[in-house]
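So the structure is just underneath, and the comments pick up after that.
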Amino acid sequence: MAKITLRSRLFLSHLAVMAVGIITLVIIGRLYSPRLFVISLERYENGVLSVQRHRTQLVKGFEAAWSRGMLWAILMGGSTAAGLSYWVSRWIIRPLDQMEDVTRLFASGQLSERVPPSEIMEIQRLANSFNRMATDLENVEQRRRELIGDLTHELRTPLTILHGYLEGLADGAVPAETDLYQRLADETTRLQRLVNDLQELSKLEAGYLPIQTQTVELSALLTGLVRAFADQFASDDRVILTLDCPEDLPAVCADPIRVEQIMINLLSNALRYTEKGRVTVTAWPDNRRVYISIADTGIGIAEADLPYVFERFWRADRSRNRGSGGTGLGLTICRRLVEVQGGQIEVKSQVGEGSEFIFWLPQVD
Ligand code: ADP
């Protein structure tokens with residue numbers, strides 16, 4: 001059925017009510033009033049003269065017939081028009097009542113409730129936006145539940161370890177050695193990191209993390225960063241870190257602090273997951289974007305795992321990486337940071353061969 005706008009519907013229904021009123025008035029007026037007048041006339045049927053004589057009574061008779069006719073016309077026309085108005089208003093109000101019921105159910109926690117389709121265009125539009133909002137809220141609620149589930153899981157292991165050792169220390173079952181205290185301190189550091197990362201991620205997702213974009217000369221930023229990392233890892237010769245970046249690399253529109261944060265995350269990962277080999281940072285411009293790649297020759301990531309790499313708390317090997325202090329939030333934060341600056345990030349990897357993380361940022365106009 002074709003959709004009609006609320007405005008045309010109201011206009012048409014008013015017209016219909018008016019037309020019904022007028023038609024009833026005309027029909028009753030035409031059929032009833034002459035008949036009443038004839039009845040009055042029959043009383044004076046004594047010829048022309050008597051009509052003249054009884055003029056006043058005739059006029060009165062006409063008036064009485066007209067008034068009774070009008071009374072009937074008003075009663076019939078009025079009640080038909082009122083009935084029609086009532087029916088039309090119910091027709092218009094019903095979907096609004098339905099919508100009210102659905103919103104009440106939704107507010108009481110039944111998040112799968114949706115407003116049914118309506119043939120009134122304006123109400124359909126309202127229903128569509130309500131349903132869209134309902135789906136978004138349902139997703140947010142779903143993500144909230146998942147986050148709480150993940151978080152509980154992440155917190156349980158370090159807390160169990162801490163609790164177990166502390167209890168052992170308290171009743172003397174575990175000898176108080178420096179190594180043990182170090183292990184306990186490491187677990188609390190990890191918990192601290194987890195809380196900090198979570199706070200950062202939640203700020204990013206809620207849009208509270210301030211991003212101050214400006215013109216950034218990436219070649220200077222990358223050179224400084226790679227030098228700092230190379231100095232840190234120069235003592236052991238296990239990984240060679242190099243930078244391949246043209247001098248005239250176009251500037252990007254980004255927040256330098258956040259770009260540094262992304263780079264530190266990706267470089268730390270590359271160095272953490274590369275036992276021995278090379279880590280290469282490359283930058284190049286293409287199609288008004290500046291691409292940065294961080295490639296390593298490390299352990300790599302299985303193809304089946306690649307779609308999950310940027311997901312919250314995802315780790316290729318949960319227990320091993322937990323030991324290395326990772327929170328599983330680093331890459332999730334990286335992706336959000338790249339996206340809020342208008343870019344994108346992707347990963348390519350092969351087990352045993354190495355991984356390459358590539359992201360781009362918009363070039364300055
Ligand atoms: P984490 O803090 O655990 O490193 P990330 O979000 O930074 O968390 O990384 C998630 C997981 O992705 C890591 O636990 C690891 O399994 C995998 N990963 C990240 N970077 C690399 C890399 N360069 N090489 C191999 N695996 C990686």
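Ordered as shown in the structure tokens, chains take letters A, B, and onward, while each chain numbers its residues from 1 and ligands are numbered from 1 in the order shown.
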
### Task
Using only C-alpha atoms and all ligand atoms, find each residue with an atom at most 8 Å away from ligand 1 and format the answer as a PyMOL selection string.
chain A and resi 265-267+269-274+295-296+298-301+309-318+321-322+324-333+349+354-357

Next, write the just-selected residues to a file, as a short mmCIF file (atom, residue, chain, number, x, y, z; two decimals), in the first residue's frame, keeping C-alpha atoms as the atom set.
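out30.cif was written with the following content:
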data_model
loop_
_atom_site.label_atom_id
_atom_site.label_comp_id
_atom_site.auth_asym_id
_atom_site.auth_seq_id
_atom_site.Cartn_x
_atom_site.Cartn_y
_atom_site.Cartn_z
CA ASN A 265 53.29 0.35 20.41
CA LEU A 266 54.03 -1.13 16.99
CA LEU A 267 57.82 -0.97 17.42
CA ASN A 269 55.52 -5.39 19.49
CA ALA A 270 57.86 -5.90 16.54
CA LEU A 271 60.86 -6.09 18.87
CA ARG A 272 59.04 -8.26 21.40
CA TYR A 273 57.96 -10.83 18.83
CA THR A 274 61.25 -10.95 16.92
CA ALA A 295 57.88 -4.82 9.29
CA ASP A 296 59.64 -7.50 11.32
CA GLY A 298 59.68 -12.38 13.84
CA ILE A 299 57.33 -15.21 14.76
CA GLY A 300 54.45 -13.92 12.60
CA ILE A 301 50.70 -14.37 13.09
CA VAL A 309 44.58 -8.98 15.86
CA PHE A 310 43.06 -5.54 16.53
CA GLU A 311 40.37 -6.88 18.84
CA ARG A 312 40.34 -6.07 22.52
CA PHE A 313 42.30 -8.56 24.68
CA TRP A 314 43.18 -10.74 21.70
CA ARG A 315 46.56 -12.47 21.96
CA ALA A 316 47.93 -15.24 19.75
CA ASP A 317 48.94 -17.20 22.82
CA ARG A 318 47.18 -15.91 25.89
CA ASN A 321 51.94 -13.20 26.19
CA ARG A 322 50.46 -12.59 29.58
CA SER A 324 55.55 -11.12 28.69
CA GLY A 325 53.44 -8.37 30.24
CA GLY A 326 51.16 -7.65 27.26
CA THR A 327 47.62 -6.53 27.93
CA GLY A 328 46.15 -7.38 24.52
CA LEU A 329 44.93 -3.79 24.26
CA GLY A 330 47.92 -2.19 22.51
CA LEU A 331 46.76 -2.84 18.95
CA THR A 332 43.14 -1.97 19.75
CA ILE A 333 44.33 1.41 21.03
CA SER A 349 51.73 -11.62 8.35
CA GLY A 354 57.30 -12.05 10.11
CA SER A 355 54.61 -9.39 10.35
CA GLU A 356 54.02 -6.02 8.76
CA PHE A 357 51.74 -3.36 10.23
#

### Message
Give me, as a list in words, the residues of region 271-351 of chain A that a backbone DSSP run labels strand (DSSP E or B).
### Response
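Those residues are Gly277, Arg278, Val279, Thr280, Val281, Thr282, Ala283, Trp284, Pro285, Asp286, Arg289, Val290, Tyr291, Ile292, Ser293, Ile294, Ala295, Asp296, Gln344, Ile345, Glu346, Val347, Lys348, Ser349 and Gln350 of chain A.
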
### Task
Could you tell me which of A:Leu105, A:Met99, A:Leu243, A:Val340 comes closest to Ile123 (chain A) if we count only C-alpha atoms?
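Counting only C-alpha atoms, the residue closest to Ile123 (chain A) is A:Met99.
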
### Message
Need to verify the contact set: Ile120 (chain A), 12 Å, only C-alpha atoms, exclusion of same-chain residues closer than 4 positions in sequence. Can you return it as JSON, numbers by chain?
### Response
{"A": [1, 2, 3, 4, 5, 6, 7, 8, 9, 10, 91, 92, 93, 94, 95, 96, 116, 124, 125, 126, 127]}

Can I get the selected residues back with N, CA and C atoms, as a PDB file, in the first residue's frame?
ATOM      1  N   MET A   1       0.847  -1.204   0.000  1.00  0.00           N
ATOM      2  CA  MET A   1       0.000   0.000   0.000  1.00  0.00           C
ATOM      3  C   MET A   1       0.879   1.249   0.000  1.00  0.00           C
ATOM      4  N   ALA A   2       0.518   2.219  -0.884  1.00  0.00           N
ATOM      5  CA  ALA A   2       1.344   3.426  -0.988  1.00  0.00           C
ATOM      6  C   ALA A   2       1.281   4.209   0.311  1.00  0.00           C
ATOM      7  N   LYS A   3       2.431   4.803   0.687  1.00  0.00           N
ATOM      8  CA  LYS A   3       2.456   5.556   1.934  1.00  0.00           C
ATOM      9  C   LYS A   3       1.876   6.954   1.721  1.00  0.00           C
ATOM     10  N   ILE A   4       1.060   7.399   2.713  1.00  0.00           N
ATOM     11  CA  ILE A   4       0.455   8.725   2.629  1.00  0.00           C
ATOM     12  C   ILE A   4       1.041   9.554   3.758  1.00  0.00           C
ATOM     13  N   THR A   5       1.279  10.846   3.494  1.00  0.00           N
ATOM     14  CA  THR A   5       1.861  11.655   4.566  1.00  0.00           C
ATOM     15  C   THR A   5       0.774  11.987   5.573  1.00  0.00           C
ATOM     16  N   LEU A   6       1.214  12.300   6.807  1.00  0.00           N
ATOM     17  CA  LEU A   6       0.269  12.606   7.874  1.00  0.00           C
ATOM     18  C   LEU A   6      -0.526  13.855   7.516  1.00  0.00           C
ATOM     19  N   ARG A   7       0.172  14.817   6.853  1.00  0.00           N
ATOM     20  CA  ARG A   7      -0.485  16.064   6.496  1.00  0.00           C
ATOM     21  C   ARG A   7      -1.645  15.800   5.526  1.00  0.00           C
ATOM     22  N   SER A   8      -1.384  15.002   4.446  1.00  0.00           N
ATOM     23  CA  SER A   8      -2.476  14.738   3.496  1.00  0.00           C
ATOM     24  C   SER A   8      -3.567  13.919   4.152  1.00  0.00           C
ATOM     25  N   ARG A   9      -3.143  13.021   5.072  1.00  0.00           N
ATOM     26  CA  ARG A   9      -4.145  12.190   5.725  1.00  0.00           C
ATOM     27  C   ARG A   9      -5.094  13.050   6.575  1.00  0.00           C
ATOM     28  N   LEU A  10      -4.505  14.003   7.332  1.00  0.00           N
ATOM     29  CA  LEU A  10      -5.346  14.875   8.164  1.00  0.00           C
ATOM     30  C   LEU A  10      -6.255  15.730   7.282  1.00  0.00           C
ATOM     31  N   TRP A  91      -7.247   5.852  13.905  1.00  0.00           N
ATOM     32  CA  TRP A  91      -6.391   5.289  12.860  1.00  0.00           C
ATOM     33  C   TRP A  91      -5.007   5.964  12.901  1.00  0.00           C
ATOM     34  N   ILE A  92      -5.027   7.287  13.185  1.00  0.00           N
ATOM     35  CA  ILE A  92      -3.763   8.018  13.214  1.00  0.00           C
ATOM     36  C   ILE A  92      -3.038   7.784  14.543  1.00  0.00           C
ATOM     37  N   ILE A  93      -3.780   7.724  15.621  1.00  0.00           N
ATOM     38  CA  ILE A  93      -3.168   7.640  16.948  1.00  0.00           C
ATOM     39  C   ILE A  93      -2.657   6.242  17.272  1.00  0.00           C
ATOM     40  N   ARG A  94      -3.291   5.213  16.685  1.00  0.00           N
ATOM     41  CA  ARG A  94      -2.916   3.834  17.042  1.00  0.00           C
ATOM     42  C   ARG A  94      -1.410   3.560  16.919  1.00  0.00           C
ATOM     43  N   PRO A  95      -0.773   3.916  15.767  1.00  0.00           N
ATOM     44  CA  PRO A  95       0.673   3.635  15.697  1.00  0.00           C
ATOM     45  C   PRO A  95       1.473   4.396  16.755  1.00  0.00           C
ATOM     46  N   LEU A  96       0.989   5.604  17.143  1.00  0.00           N
ATOM     47  CA  LEU A  96       1.720   6.354  18.170  1.00  0.00           C
ATOM     48  C   LEU A  96       1.612   5.646  19.526  1.00  0.00           C
ATOM     49  N   PRO A 116       6.746  -1.553  14.996  1.00  0.00           N
ATOM     50  CA  PRO A 116       6.320  -2.178  13.738  1.00  0.00           C
ATOM     51  C   PRO A 116       6.169  -1.126  12.636  1.00  0.00           C
ATOM     52  N   GLN A 124       6.434   6.326  10.084  1.00  0.00           N
ATOM     53  CA  GLN A 124       7.404   5.321   9.635  1.00  0.00           C
ATOM     54  C   GLN A 124       8.833   5.858   9.812  1.00  0.00           C
ATOM     55  N   ARG A 125       8.998   7.179   9.484  1.00  0.00           N
ATOM     56  CA  ARG A 125      10.335   7.780   9.635  1.00  0.00           C
ATOM     57  C   ARG A 125      10.751   7.771  11.102  1.00  0.00           C
ATOM     58  N   LEU A 126       9.800   8.137  11.973  1.00  0.00           N
ATOM     59  CA  LEU A 126      10.066   8.158  13.412  1.00  0.00           C
ATOM     60  C   LEU A 126      10.402   6.743  13.897  1.00  0.00           C
ATOM     61  N   ALA A 127       9.627   5.766  13.392  1.00  0.00           N
ATOM     62  CA  ALA A 127       9.853   4.368  13.784  1.00  0.00           C
ATOM     63  C   ALA A 127      11.244   3.932  13.329  1.00  0.00           C
TER      64      ALA A 127
END

#### Entry: Counting only C-alpha atoms, the residue of A:Met263, A:Leu169, A:Val115, A:Leu337 that sits nearest Ser129 (chain A)
A:Val115

### Option closest in space to Leu12 (chain A), from A:Leu180, A:Leu84, A:Ala230, A:Ala283 [counting only C-alpha atoms]
A:Leu84

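On the backbone of this structure, DSSP gives helix (DSSP H, G or I) within region 239-291 of chain A to A:Pro256, A:Ile257, A:Arg258, A:Val259, A:Glu260, A:Gln261, A:Ile262, A:Met263, A:Ile264, A:Asn265, A:Leu266, A:Leu267, A:Ser268, A:Asn269, A:Ala270, A:Leu271, A:Arg272.
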
#### Entry: Shell of 12 Å around region 140-147 of chain A, only C-alpha atoms, local chain residues under 5 positions omitted, as a PyMOL selection string
chain A and resi 109-112+133-135+152-155+198+201-202+205-206+311-313+329

Report as a Markdown table: every residue of region 86-193 of chain A with an atom at most 10 Å from region 63-82 of chain A, its closest pair of atoms, and their distance in Å to one decimal, counting only C-alpha atoms, with rows sorted by chain and ascending residue number.
| residue | atom | partner | partner_atom | distance |
| --- | --- | --- | --- | --- |
| A:Tyr86 | CA | A:Ala82 | CA | 6.1 |
| A:Trp87 | CA | A:Ala82 | CA | 8.6 |
| A:Val88 | CA | A:Ala82 | CA | 9.9 |

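Using only C-alpha atoms, the nearest neighbour of Asn287 (chain A) within the list A:Leu191, A:Ala107, A:Leu209, A:Val364 is A:Val364.
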
#### Entry: Pick from A:Ala254, A:Cys334, A:Val281, A:Val347 nearest to Glu303 (chain A), counting only C-alpha atoms
A:Val347
